[in-house]
Amino acid sequence: MSVLITEFMDEGAVAALSDKVATQYLPDLADRQSDIPGMMGGIQALVVRNRTQVTAALLDAAPDLKVVGRLGVGLDNIDLPACKERDVEVIPATGANNLSVAEYVIANAFVLLRNAYQARSAMLAGDWPRMACAGREVSGKTLGLIGFGAIAQETARLARELGMQICATDPYVSADSPAWYGVMRTDLSGVLKAADVVSLHVPLVDATRHMINAETLAAMKPGAVLINAARGGVVDEAALVAAMTEGHVAGAALDVFETEPLTAEAAAKFKDVQNLILTPHIAGVTEESNVRVSTMIADLMLDRLNKA
């Protein structure tokens, strides 16, 4: 049995795999995507994050592949129909990074509403922009969740403890689900109209691509802030820059982008935008969640390989 790991993984989990099966750990291999098909001969399990593209062509080069483990939950980099056609099981690390993403959302809600943490340069230059940095409190504000799966529900739990009101939309969570307790269930328009903080929790599919666009941004509550730790293509970045430049959207935190990694050319549009936080797709990656995600996938890989 043989496993190939193409992106970073907790070393303890790698060691656990290596003790039981032949394991190649090449955490930078995703940077050399074209090299991967030539390495798939004899590989029964492939472990990836979000950068490795598991395409039909790659699967065709992997006749022995039985399972793909995803160190995370998003699956838009994996051709699921092609995997199903070839009887390759795809296993995400469901639930292992929920808390990390939820904390990311809440932390950015604090920073964006307070608008006090970009004063360093001005203060070092001798300015004292006290009133400009007064900002707003999180308590009493409304958090709007677009998508209400497990991560959004964990985010709602943390927000409720801070005194926030919660509204959410998700057609796939039944109306009688206990998850809605204490949450105003509404539609997309209702979330945009009510929320002071809008947080995205949807996958990237045809129906959600550019869901946040010029029209939906205009429908947001004036002065609201946007947080995207879901998938980059859900937001029309040019439209967001325009809405922030006009002052309708007061701030944004983006952890995911239409182009990843974010190139200098793609980032240029953000250069002069104020109250904008950019992070390199790390909302679900903390020291603790990396251990949880990696351990879960290592255990599941061994279980599936033992049954193969």
# chains A, B, ... in the order shown; residues from 1 in each chain; ligands from 1
call {"tool": "residues_around", "arguments": {"residues": "range 32-38 of chain A", "least_positions_apart": "2", "cutoff": "7 Å", "atoms": "only C-alpha atoms", "output": "list of chain:residue names"}}
result
A:Leu29, A:Ala30, A:Met40, A:Thr52, A:Leu58, A:Ala61
call {"tool": "residues_around", "arguments": {"residues": "Ala214 in chain A", "least_positions_apart": "2", "cutoff": "8 Å", "atoms": "only C-alpha atoms", "output": "PDB file with N, CA and C atoms, in the first residue's frame"}}
result
ATOM      1  N   ILE A 212     -21.910  37.292  -4.569  1.00  0.00           N
ATOM      2  CA  ILE A 212     -21.710  38.648  -4.058  1.00  0.00           C
ATOM      3  C   ILE A 212     -21.157  39.480  -5.196  1.00  0.00           C
ATOM      4  N   THR A 216     -25.842  42.572  -5.279  1.00  0.00           N
ATOM      5  CA  THR A 216     -26.008  42.128  -3.889  1.00  0.00           C
ATOM      6  C   THR A 216     -25.228  43.013  -2.923  1.00  0.00           C
ATOM      7  N   LEU A 217     -24.107  43.534  -3.348  1.00  0.00           N
ATOM      8  CA  LEU A 217     -23.374  44.469  -2.502  1.00  0.00           C
ATOM      9  C   LEU A 217     -24.193  45.741  -2.268  1.00  0.00           C
ATOM     10  N   ALA A 218     -24.871  46.209  -3.302  1.00  0.00           N
ATOM     11  CA  ALA A 218     -25.716  47.396  -3.161  1.00  0.00           C
ATOM     12  C   ALA A 218     -26.878  47.140  -2.216  1.00  0.00           C
ATOM     13  N   ASP A 236     -17.355  38.745  -6.417  1.00  0.00           N
ATOM     14  CA  ASP A 236     -16.818  39.516  -7.539  1.00  0.00           C
ATOM     15  C   ASP A 236     -15.909  40.582  -6.930  1.00  0.00           C
ATOM     16  N   ALA A 239     -16.212  44.247  -8.060  1.00  0.00           N
ATOM     17  CA  ALA A 239     -17.428  44.882  -7.549  1.00  0.00           C
ATOM     18  C   ALA A 239     -17.269  45.234  -6.074  1.00  0.00           C
ATOM     19  N   LEU A 240     -16.594  44.372  -5.319  1.00  0.00           N
ATOM     20  CA  LEU A 240     -16.362  44.666  -3.901  1.00  0.00           C
ATOM     21  C   LEU A 240     -15.475  45.892  -3.744  1.00  0.00           C
ATOM     22  N   ALA A 243     -17.577  48.919  -4.331  1.00  0.00           N
ATOM     23  CA  ALA A 243     -18.511  49.197  -3.235  1.00  0.00           C
ATOM     24  C   ALA A 243     -17.793  49.755  -2.018  1.00  0.00           C
TER      25      ALA A 243
END
call {"tool": "closest_atom_pairs", "arguments": {"of": "range 40-123 of chain A", "to": "range 134-141 of chain A", "cutoff": "8 Å", "atoms": "only C-alpha atoms", "output": "JSON lines"}}
result
{"residue": "A:Ala109", "atom": "CA", "partner": "A:Val138", "partner_atom": "CA", "distance": 7.2}
{"residue": "A:Phe110", "atom": "CA", "partner": "A:Val138", "partner_atom": "CA", "distance": 6.2}
{"residue": "A:Leu113", "atom": "CA", "partner": "A:Arg136", "partner_atom": "CA", "distance": 5.2}
{"residue": "A:Arg114", "atom": "CA", "partner": "A:Gly135", "partner_atom": "CA", "distance": 4.0}
{"residue": "A:Asn115", "atom": "CA", "partner": "A:Gly135", "partner_atom": "CA", "distance": 5.4}
{"residue": "A:Ala116", "atom": "CA", "partner": "A:Ala134", "partner_atom": "CA", "distance": 6.6}
call {"tool": "select_by_dssp", "arguments": {"residues": "range 165-305 of chain A", "states": "strand (DSSP E or B)", "output": "list in words"}}
result
Gln165, Ile166, Cys167, Ala168, Thr169, Met184, Arg185, Val197, Val198, Ser199, Leu200, Ile212, Val225, Leu226, Ile227, Asn228, Val235, Gly251, Ala252, Ala253, Leu254, Leu276, Ile277 and Leu278 of chain A
call {"tool": "atom_distance", "arguments": {"atom1": "CA of Leu71 in chain A", "atom2": "CA of Thr55 in chain A"}}
result
17.0 Å
call {"tool": "atom_distance", "arguments": {"atom1": "CA of Arg160 in chain A", "atom2": "CA of Ile106 in chain A"}}
result
10.7 Å
call {"tool": "atom_distance", "arguments": {"atom1": "CA of Ala152 in chain A", "atom2": "CA of Asp79 in chain A"}}
result
25.1 Å
call {"tool": "residues_around", "arguments": {"residues": "range 91-103 of chain A", "least_positions_apart": "4", "cutoff": "8 Å", "atoms": "only C-alpha atoms", "output": "list of chain:residue names"}}
result
A:Val67, A:Val68, A:Gly69, A:Arg70, A:Leu71, A:Gly72, A:Val73, A:Gly74, A:Leu75, A:Ala107, A:Ala150, A:Ile151, A:Ala152, A:Glu154, A:Thr155, A:Leu158, A:Ala229, A:Ala283, A:Gly284, A:Val285, A:Thr286, A:Ser289, A:Asn290, A:Arg292, A:Val293, A:Met296, A:Ile297, A:Leu300
call {"tool": "closest_residue", "arguments": {"among": "A:Met164, A:Leu112, A:Ala56, A:Val205", "to": "Arg86 in chain A", "atoms": "only C-alpha atoms"}}
result
A:Ala56
call {"tool": "select_by_dssp", "arguments": {"residues": "range 56-198 of chain A", "states": "alpha helix (DSSP H)", "output": "PDB file with N, CA, C and O atoms, in the first residue's frame"}}
result
ATOM      1  N   ALA A  56      -9.547  14.648 -13.947  1.00  0.00           N
ATOM      2  CA  ALA A  56      -9.744  13.369 -14.619  1.00  0.00           C
ATOM      3  C   ALA A  56      -8.428  12.864 -15.205  1.00  0.00           C
ATOM      4  O   ALA A  56      -8.140  11.655 -15.163  1.00  0.00           O
ATOM      5  N   ALA A  57      -7.609  13.781 -15.727  1.00  0.00           N
ATOM      6  CA  ALA A  57      -6.320  13.379 -16.298  1.00  0.00           C
ATOM      7  C   ALA A  57      -5.400  12.796 -15.226  1.00  0.00           C
ATOM      8  O   ALA A  57      -4.705  11.795 -15.459  1.00  0.00           O
ATOM      9  N   LEU A  58      -5.387  13.414 -14.050  1.00  0.00           N
ATOM     10  CA  LEU A  58      -4.571  12.875 -12.969  1.00  0.00           C
ATOM     11  C   LEU A  58      -5.087  11.500 -12.557  1.00  0.00           C
ATOM     12  O   LEU A  58      -4.299  10.564 -12.337  1.00  0.00           O
ATOM     13  N   LEU A  59      -6.400  11.356 -12.477  1.00  0.00           N
ATOM     14  CA  LEU A  59      -6.978  10.067 -12.097  1.00  0.00           C
ATOM     15  C   LEU A  59      -6.661   8.994 -13.136  1.00  0.00           C
ATOM     16  O   LEU A  59      -6.428   7.825 -12.784  1.00  0.00           O
ATOM     17  N   ASP A  60      -6.635   9.373 -14.408  1.00  0.00           N
ATOM     18  CA  ASP A  60      -6.294   8.415 -15.461  1.00  0.00           C
ATOM     19  C   ASP A  60      -4.863   7.902 -15.309  1.00  0.00           C
ATOM     20  O   ASP A  60      -4.539   6.793 -15.740  1.00  0.00           O
ATOM     21  N   LEU A  80     -15.210  15.480  -8.653  1.00  0.00           N
ATOM     22  CA  LEU A  80     -15.986  14.443  -7.965  1.00  0.00           C
ATOM     23  C   LEU A  80     -16.655  13.461  -8.933  1.00  0.00           C
ATOM     24  O   LEU A  80     -16.631  12.247  -8.672  1.00  0.00           O
ATOM     25  N   PRO A  81     -17.265  13.917 -10.043  1.00  0.00           N
ATOM     26  CA  PRO A  81     -17.835  12.940 -10.982  1.00  0.00           C
ATOM     27  C   PRO A  81     -16.788  11.975 -11.539  1.00  0.00           C
ATOM     28  O   PRO A  81     -17.063  10.779 -11.691  1.00  0.00           O
ATOM     29  N   ALA A  82     -15.583  12.497 -11.820  1.00  0.00           N
ATOM     30  CA  ALA A  82     -14.524  11.628 -12.336  1.00  0.00           C
ATOM     31  C   ALA A  82     -14.093  10.616 -11.284  1.00  0.00           C
ATOM     32  O   ALA A  82     -13.805   9.449 -11.602  1.00  0.00           O
ATOM     33  N   CYS A  83     -14.050  11.046 -10.024  1.00  0.00           N
ATOM     34  CA  CYS A  83     -13.710  10.107  -8.939  1.00  0.00           C
ATOM     35  C   CYS A  83     -14.775   9.027  -8.816  1.00  0.00           C
ATOM     36  O   CYS A  83     -14.462   7.830  -8.675  1.00  0.00           O
ATOM     37  N   LYS A  84     -16.028   9.426  -8.868  1.00  0.00           N
ATOM     38  CA  LYS A  84     -17.126   8.456  -8.748  1.00  0.00           C
ATOM     39  C   LYS A  84     -17.093   7.460  -9.898  1.00  0.00           C
ATOM     40  O   LYS A  84     -17.282   6.247  -9.698  1.00  0.00           O
ATOM     41  N   GLU A  85     -16.837   7.958 -11.094  1.00  0.00           N
ATOM     42  CA  GLU A  85     -16.789   7.087 -12.272  1.00  0.00           C
ATOM     43  C   GLU A  85     -15.696   6.033 -12.145  1.00  0.00           C
ATOM     44  O   GLU A  85     -15.847   4.900 -12.606  1.00  0.00           O
ATOM     45  N   ASN A  98     -13.782  23.449  12.023  1.00  0.00           N
ATOM     46  CA  ASN A  98     -14.933  24.346  12.217  1.00  0.00           C
ATOM     47  C   ASN A  98     -14.606  25.504  13.145  1.00  0.00           C
ATOM     48  O   ASN A  98     -14.912  26.660  12.865  1.00  0.00           O
ATOM     49  N   LEU A  99     -14.009  25.182  14.288  1.00  0.00           N
ATOM     50  CA  LEU A  99     -13.729  26.216  15.286  1.00  0.00           C
ATOM     51  C   LEU A  99     -12.729  27.235  14.758  1.00  0.00           C
ATOM     52  O   LEU A  99     -12.866  28.444  15.004  1.00  0.00           O
ATOM     53  N   SER A 100     -11.736  26.775  14.023  1.00  0.00           N
ATOM     54  CA  SER A 100     -10.726  27.697  13.489  1.00  0.00           C
ATOM     55  C   SER A 100     -11.342  28.731  12.565  1.00  0.00           C
ATOM     56  O   SER A 100     -11.042  29.926  12.658  1.00  0.00           O
ATOM     57  N   VAL A 101     -12.217  28.282  11.671  1.00  0.00           N
ATOM     58  CA  VAL A 101     -12.862  29.223  10.744  1.00  0.00           C
ATOM     59  C   VAL A 101     -13.804  30.148  11.504  1.00  0.00           C
ATOM     60  O   VAL A 101     -13.850  31.357  11.244  1.00  0.00           O
ATOM     61  N   ALA A 102     -14.555  29.595  12.448  1.00  0.00           N
ATOM     62  CA  ALA A 102     -15.484  30.422  13.226  1.00  0.00           C
ATOM     63  C   ALA A 102     -14.733  31.512  13.982  1.00  0.00           C
ATOM     64  O   ALA A 102     -15.164  32.679  14.011  1.00  0.00           O
ATOM     65  N   GLU A 103     -13.611  31.172  14.598  1.00  0.00           N
ATOM     66  CA  GLU A 103     -12.817  32.169  15.317  1.00  0.00           C
ATOM     67  C   GLU A 103     -12.270  33.219  14.357  1.00  0.00           C
ATOM     68  O   GLU A 103     -12.179  34.405  14.698  1.00  0.00           O
ATOM     69  N   TYR A 104     -11.893  32.793  13.150  1.00  0.00           N
ATOM     70  CA  TYR A 104     -11.404  33.747  12.147  1.00  0.00           C
ATOM     71  C   TYR A 104     -12.483  34.784  11.830  1.00  0.00           C
ATOM     72  O   TYR A 104     -12.216  35.990  11.769  1.00  0.00           O
ATOM     73  N   VAL A 105     -13.707  34.309  11.636  1.00  0.00           N
ATOM     74  CA  VAL A 105     -14.807  35.223  11.312  1.00  0.00           C
ATOM     75  C   VAL A 105     -15.034  36.214  12.445  1.00  0.00           C
ATOM     76  O   VAL A 105     -15.148  37.432  12.222  1.00  0.00           O
ATOM     77  N   ILE A 106     -15.098  35.703  13.664  1.00  0.00           N
ATOM     78  CA  ILE A 106     -15.360  36.576  14.806  1.00  0.00           C
ATOM     79  C   ILE A 106     -14.218  37.571  15.015  1.00  0.00           C
ATOM     80  O   ILE A 106     -14.458  38.768  15.270  1.00  0.00           O
ATOM     81  N   ALA A 107     -12.993  37.124  14.895  1.00  0.00           N
ATOM     82  CA  ALA A 107     -11.844  38.017  15.065  1.00  0.00           C
ATOM     83  C   ALA A 107     -11.894  39.152  14.052  1.00  0.00           C
ATOM     84  O   ALA A 107     -11.644  40.326  14.381  1.00  0.00           O
ATOM     85  N   ASN A 108     -12.229  38.829  12.814  1.00  0.00           N
ATOM     86  CA  ASN A 108     -12.286  39.865  11.784  1.00  0.00           C
ATOM     87  C   ASN A 108     -13.480  40.778  11.953  1.00  0.00           C
ATOM     88  O   ASN A 108     -13.417  41.966  11.602  1.00  0.00           O
ATOM     89  N   ALA A 109     -14.579  40.261  12.514  1.00  0.00           N
ATOM     90  CA  ALA A 109     -15.711  41.134  12.812  1.00  0.00           C
ATOM     91  C   ALA A 109     -15.297  42.209  13.809  1.00  0.00           C
ATOM     92  O   ALA A 109     -15.623  43.393  13.654  1.00  0.00           O
ATOM     93  N   PHE A 110     -14.554  41.815  14.841  1.00  0.00           N
ATOM     94  CA  PHE A 110     -14.038  42.789  15.812  1.00  0.00           C
ATOM     95  C   PHE A 110     -13.175  43.836  15.120  1.00  0.00           C
ATOM     96  O   PHE A 110     -13.357  45.051  15.314  1.00  0.00           O
ATOM     97  N   VAL A 111     -12.214  43.386  14.327  1.00  0.00           N
ATOM     98  CA  VAL A 111     -11.249  44.310  13.713  1.00  0.00           C
ATOM     99  C   VAL A 111     -11.932  45.250  12.726  1.00  0.00           C
ATOM    100  O   VAL A 111     -11.678  46.464  12.726  1.00  0.00           O
ATOM    101  N   LEU A 112     -12.807  44.714  11.892  1.00  0.00           N
ATOM    102  CA  LEU A 112     -13.446  45.537  10.856  1.00  0.00           C
ATOM    103  C   LEU A 112     -14.400  46.568  11.448  1.00  0.00           C
ATOM    104  O   LEU A 112     -14.441  47.720  11.000  1.00  0.00           O
ATOM    105  N   LEU A 113     -15.170  46.163  12.454  1.00  0.00           N
ATOM    106  CA  LEU A 113     -16.106  47.115  13.047  1.00  0.00           C
ATOM    107  C   LEU A 113     -15.384  48.178  13.867  1.00  0.00           C
ATOM    108  O   LEU A 113     -15.770  49.347  13.870  1.00  0.00           O
ATOM    109  N   ARG A 114     -14.330  47.775  14.549  1.00  0.00           N
ATOM    110  CA  ARG A 114     -13.610  48.743  15.384  1.00  0.00           C
ATOM    111  C   ARG A 114     -12.789  49.725  14.554  1.00  0.00           C
ATOM    112  O   ARG A 114     -12.622  50.887  14.924  1.00  0.00           O
ATOM    113  N   ARG A 120      -1.270  52.410  12.843  1.00  0.00           N
ATOM    114  CA  ARG A 120       0.147  52.307  13.216  1.00  0.00           C
ATOM    115  C   ARG A 120       1.026  53.272  12.427  1.00  0.00           C
ATOM    116  O   ARG A 120       1.821  54.023  13.016  1.00  0.00           O
ATOM    117  N   SER A 121       0.875  53.272  11.091  1.00  0.00           N
ATOM    118  CA  SER A 121       1.727  54.140  10.266  1.00  0.00           C
ATOM    119  C   SER A 121       1.511  55.606  10.608  1.00  0.00           C
ATOM    120  O   SER A 121       2.475  56.382  10.731  1.00  0.00           O
ATOM    121  N   ALA A 122       0.241  55.993  10.777  1.00  0.00           N
ATOM    122  CA  ALA A 122      -0.055  57.392  11.108  1.00  0.00           C
ATOM    123  C   ALA A 122       0.536  57.769  12.458  1.00  0.00           C
ATOM    124  O   ALA A 122       1.104  58.862  12.630  1.00  0.00           O
ATOM    125  N   MET A 123       0.428  56.865  13.417  1.00  0.00           N
ATOM    126  CA  MET A 123       0.947  57.166  14.747  1.00  0.00           C
ATOM    127  C   MET A 123       2.468  57.228  14.761  1.00  0.00           C
ATOM    128  O   MET A 123       3.064  58.083  15.424  1.00  0.00           O
ATOM    129  N   LEU A 124       3.112  56.359  14.013  1.00  0.00           N
ATOM    130  CA  LEU A 124       4.568  56.409  13.934  1.00  0.00           C
ATOM    131  C   LEU A 124       5.038  57.688  13.243  1.00  0.00           C
ATOM    132  O   LEU A 124       6.178  58.134  13.458  1.00  0.00           O
ATOM    133  N   ALA A 150     -22.192  23.477   9.252  1.00  0.00           N
ATOM    134  CA  ALA A 150     -21.573  23.284  10.561  1.00  0.00           C
ATOM    135  C   ALA A 150     -20.664  24.442  10.959  1.00  0.00           C
ATOM    136  O   ALA A 150     -20.654  24.865  12.123  1.00  0.00           O
ATOM    137  N   ILE A 151     -19.884  24.981  10.014  1.00  0.00           N
ATOM    138  CA  ILE A 151     -18.980  26.082  10.351  1.00  0.00           C
ATOM    139  C   ILE A 151     -19.778  27.333  10.686  1.00  0.00           C
ATOM    140  O   ILE A 151     -19.488  28.034  11.665  1.00  0.00           O
ATOM    141  N   ALA A 152     -20.796  27.629   9.898  1.00  0.00           N
ATOM    142  CA  ALA A 152     -21.631  28.800  10.175  1.00  0.00           C
ATOM    143  C   ALA A 152     -22.347  28.646  11.507  1.00  0.00           C
ATOM    144  O   ALA A 152     -22.507  29.622  12.264  1.00  0.00           O
ATOM    145  N   GLN A 153     -22.787  27.447  11.821  1.00  0.00           N
ATOM    146  CA  GLN A 153     -23.460  27.224  13.095  1.00  0.00           C
ATOM    147  C   GLN A 153     -22.506  27.426  14.273  1.00  0.00           C
ATOM    148  O   GLN A 153     -22.891  27.976  15.316  1.00  0.00           O
ATOM    149  N   GLU A 154     -21.247  27.023  14.122  1.00  0.00           N
ATOM    150  CA  GLU A 154     -20.251  27.272  15.170  1.00  0.00           C
ATOM    151  C   GLU A 154     -19.979  28.768  15.289  1.00  0.00           C
ATOM    152  O   GLU A 154     -19.822  29.297  16.397  1.00  0.00           O
ATOM    153  N   THR A 155     -19.936  29.454  14.157  1.00  0.00           N
ATOM    154  CA  THR A 155     -19.753  30.905  14.172  1.00  0.00           C
ATOM    155  C   THR A 155     -20.904  31.582  14.898  1.00  0.00           C
ATOM    156  O   THR A 155     -20.711  32.514  15.696  1.00  0.00           O
ATOM    157  N   ALA A 156     -22.120  31.122  14.634  1.00  0.00           N
ATOM    158  CA  ALA A 156     -23.301  31.680  15.299  1.00  0.00           C
ATOM    159  C   ALA A 156     -23.220  31.477  16.810  1.00  0.00           C
ATOM    160  O   ALA A 156     -23.594  32.366  17.592  1.00  0.00           O
ATOM    161  N   ARG A 157     -22.735  30.318  17.221  1.00  0.00           N
ATOM    162  CA  ARG A 157     -22.607  30.042  18.665  1.00  0.00           C
ATOM    163  C   ARG A 157     -21.673  31.043  19.330  1.00  0.00           C
ATOM    164  O   ARG A 157     -21.991  31.612  20.387  1.00  0.00           O
ATOM    165  N   LEU A 158     -20.521  31.288  18.711  1.00  0.00           N
ATOM    166  CA  LEU A 158     -19.575  32.242  19.285  1.00  0.00           C
ATOM    167  C   LEU A 158     -20.147  33.658  19.274  1.00  0.00           C
ATOM    168  O   LEU A 158     -20.001  34.405  20.246  1.00  0.00           O
ATOM    169  N   ALA A 159     -20.798  34.021  18.181  1.00  0.00           N
ATOM    170  CA  ALA A 159     -21.349  35.372  18.058  1.00  0.00           C
ATOM    171  C   ALA A 159     -22.437  35.621  19.085  1.00  0.00           C
ATOM    172  O   ALA A 159     -22.547  36.721  19.649  1.00  0.00           O
ATOM    173  N   ARG A 160     -23.235  34.609  19.336  1.00  0.00           N
ATOM    174  CA  ARG A 160     -24.322  34.756  20.313  1.00  0.00           C
ATOM    175  C   ARG A 160     -23.763  35.042  21.706  1.00  0.00           C
ATOM    176  O   ARG A 160     -24.325  35.835  22.467  1.00  0.00           O
ATOM    177  N   GLU A 161     -22.645  34.425  22.038  1.00  0.00           N
ATOM    178  CA  GLU A 161     -22.003  34.660  23.332  1.00  0.00           C
ATOM    179  C   GLU A 161     -21.505  36.093  23.467  1.00  0.00           C
ATOM    180  O   GLU A 161     -21.329  36.601  24.582  1.00  0.00           O
ATOM    181  N   LEU A 188     -31.614  35.343   1.145  1.00  0.00           N
ATOM    182  CA  LEU A 188     -30.414  36.140   0.882  1.00  0.00           C
ATOM    183  C   LEU A 188     -30.703  37.622   1.017  1.00  0.00           C
ATOM    184  O   LEU A 188     -29.932  38.362   1.651  1.00  0.00           O
ATOM    185  N   SER A 189     -31.801  38.074   0.475  1.00  0.00           N
ATOM    186  CA  SER A 189     -32.158  39.489   0.555  1.00  0.00           C
ATOM    187  C   SER A 189     -32.321  39.924   2.008  1.00  0.00           C
ATOM    188  O   SER A 189     -31.869  41.017   2.388  1.00  0.00           O
ATOM    189  N   GLY A 190     -32.942  39.066   2.816  1.00  0.00           N
ATOM    190  CA  GLY A 190     -33.147  39.395   4.217  1.00  0.00           C
ATOM    191  C   GLY A 190     -31.843  39.518   4.988  1.00  0.00           C
ATOM    192  O   GLY A 190     -31.687  40.406   5.832  1.00  0.00           O
ATOM    193  N   VAL A 191     -30.896  38.621   4.689  1.00  0.00           N
ATOM    194  CA  VAL A 191     -29.587  38.690   5.352  1.00  0.00           C
ATOM    195  C   VAL A 191     -28.879  39.989   4.982  1.00  0.00           C
ATOM    196  O   VAL A 191     -28.355  40.710   5.847  1.00  0.00           O
ATOM    197  N   LEU A 192     -28.842  40.292   3.693  1.00  0.00           N
ATOM    198  CA  LEU A 192     -28.124  41.487   3.235  1.00  0.00           C
ATOM    199  C   LEU A 192     -28.726  42.765   3.814  1.00  0.00           C
ATOM    200  O   LEU A 192     -28.002  43.704   4.150  1.00  0.00           O
ATOM    201  N   LYS A 193     -30.025  42.783   3.940  1.00  0.00           N
ATOM    202  CA  LYS A 193     -30.706  43.973   4.449  1.00  0.00           C
ATOM    203  C   LYS A 193     -30.475  44.178   5.937  1.00  0.00           C
ATOM    204  O   LYS A 193     -30.360  45.318   6.406  1.00  0.00           O
ATOM    205  N   ALA A 194     -30.374  43.080   6.709  1.00  0.00           N
ATOM    206  CA  ALA A 194     -30.341  43.176   8.174  1.00  0.00           C
ATOM    207  C   ALA A 194     -28.947  43.189   8.780  1.00  0.00           C
ATOM    208  O   ALA A 194     -28.741  43.747   9.859  1.00  0.00           O
TER     209      ALA A 194
END
call {"tool": "residues_around", "arguments": {"residues": "Glu258 in chain A", "least_positions_apart": "6", "cutoff": "9 Å", "atoms": "only C-alpha atoms", "output": "MDAnalysis selection string"}}
result
chainID A and resid 231:237 266
call {"tool": "write_last_selection", "arguments": {"atoms": "C-alpha atoms", "output": "PDB file, in the first residue's frame"}}
result
ATOM      1  CA  ARG A 231     -14.349  30.286  -1.605  1.00  0.00           C
ATOM      2  CA  GLY A 232     -12.907  33.142  -3.638  1.00  0.00           C
ATOM      3  CA  GLY A 233     -15.118  32.895  -6.679  1.00  0.00           C
ATOM      4  CA  VAL A 234     -18.203  33.566  -4.569  1.00  0.00           C
ATOM      5  CA  VAL A 235     -17.234  37.272  -4.516  1.00  0.00           C
ATOM      6  CA  ASP A 236     -16.818  39.516  -7.539  1.00  0.00           C
ATOM      7  CA  GLU A 237     -13.669  41.213  -6.292  1.00  0.00           C
ATOM      8  CA  ALA A 266      -4.464  40.171  -9.092  1.00  0.00           C
TER       9      ALA A 266
END
call {"tool": "residues_around", "arguments": {"residues": "Gln44 in chain A", "least_positions_apart": "5", "cutoff": "12 Å", "atoms": "only C-alpha atoms", "output": "list in words"}}
result
Met1, Ser2, Val3, Leu4, Ile5, Val21, Ala22, Thr23, Gln24, Met39, Leu59, Ala61, Ala62, Pro63, Asp64, Leu65, Lys66, Val67, Val68, Gly69, Val88, Glu89, Met301, Leu302, Arg304, Leu305, Asn306 and Ala308 of chain A
call {"tool": "closest_residue", "arguments": {"among": "A:Trp180, A:Asp196, A:Ser18, A:Met244", "to": "Asp272 in chain A", "atoms": "only C-alpha atoms"}}
result
A:Met244
call {"tool": "closest_residue", "arguments": {"among": "A:Val197, A:Val48, A:Ile43, A:Ile166", "to": "Gly182 in chain A", "atoms": "only C-alpha atoms"}}
result
A:Ile166
call {"tool": "decode", "arguments": {"residues": "range 262-306 of chain A", "atoms": "C-alpha atoms", "output": "mmCIF file, in the first residue's frame"}}
result
data_model
loop_
_atom_site.group_PDB
_atom_site.id
_atom_site.type_symbol
_atom_site.label_atom_id
_atom_site.label_comp_id
_atom_site.auth_asym_id
_atom_site.auth_seq_id
_atom_site.Cartn_x
_atom_site.Cartn_y
_atom_site.Cartn_z
ATOM 1 C CA LEU A 262 -2.945 35.812 -5.050
ATOM 2 C CA THR A 263 -0.518 37.232 -7.608
ATOM 3 C CA ALA A 264 0.809 40.783 -7.558
ATOM 4 C CA GLU A 265 -1.270 41.535 -10.657
ATOM 5 C CA ALA A 266 -4.464 40.171 -9.092
ATOM 6 C CA ALA A 267 -3.753 41.992 -5.823
ATOM 7 C CA ALA A 268 -3.184 45.390 -7.462
ATOM 8 C CA LYS A 269 -6.889 46.267 -7.375
ATOM 9 C CA PHE A 270 -6.853 46.105 -3.552
ATOM 10 C CA LYS A 271 -3.886 48.445 -3.075
ATOM 11 C CA ASP A 272 -5.681 51.649 -2.076
ATOM 12 C CA VAL A 273 -8.742 50.114 -0.389
ATOM 13 C CA GLN A 274 -9.145 51.036 3.275
ATOM 14 C CA ASN A 275 -10.271 48.729 6.120
ATOM 15 C CA LEU A 276 -9.467 45.663 4.052
ATOM 16 C CA ILE A 277 -7.897 42.533 5.562
ATOM 17 C CA LEU A 278 -6.222 40.026 3.237
ATOM 18 C CA THR A 279 -5.011 36.627 4.476
ATOM 19 C CA PRO A 280 -3.579 33.679 2.470
ATOM 20 C CA HIS A 281 -6.347 31.042 2.804
ATOM 21 C CA ILE A 282 -5.593 30.286 6.433
ATOM 22 C CA ALA A 283 -8.957 30.661 8.177
ATOM 23 C CA GLY A 284 -9.178 26.933 8.785
ATOM 24 C CA VAL A 285 -5.477 26.468 9.482
ATOM 25 C CA THR A 286 -4.247 26.821 13.045
ATOM 26 C CA GLU A 287 -1.704 24.715 14.919
ATOM 27 C CA GLU A 288 -4.552 22.934 16.646
ATOM 28 C CA SER A 289 -6.759 22.407 13.589
ATOM 29 C CA ASN A 290 -3.812 21.143 11.535
ATOM 30 C CA VAL A 291 -3.333 18.374 14.096
ATOM 31 C CA ARG A 292 -7.060 17.564 14.124
ATOM 32 C CA VAL A 293 -7.435 17.607 10.338
ATOM 33 C CA SER A 294 -4.253 15.640 9.702
ATOM 34 C CA THR A 295 -4.964 13.026 12.367
ATOM 35 C CA MET A 296 -8.505 12.519 11.094
ATOM 36 C CA ILE A 297 -7.384 12.021 7.499
ATOM 37 C CA ALA A 298 -4.478 9.740 8.473
ATOM 38 C CA ASP A 299 -6.832 7.527 10.494
ATOM 39 C CA LEU A 300 -9.435 7.437 7.737
ATOM 40 C CA MET A 301 -6.812 6.671 5.068
ATOM 41 C CA LEU A 302 -5.504 3.724 7.060
ATOM 42 C CA ASP A 303 -9.016 2.463 7.687
ATOM 43 C CA ARG A 304 -9.952 2.619 3.990
ATOM 44 C CA LEU A 305 -6.683 1.078 2.826
ATOM 45 C CA ASN A 306 -7.051 -1.773 5.290
#
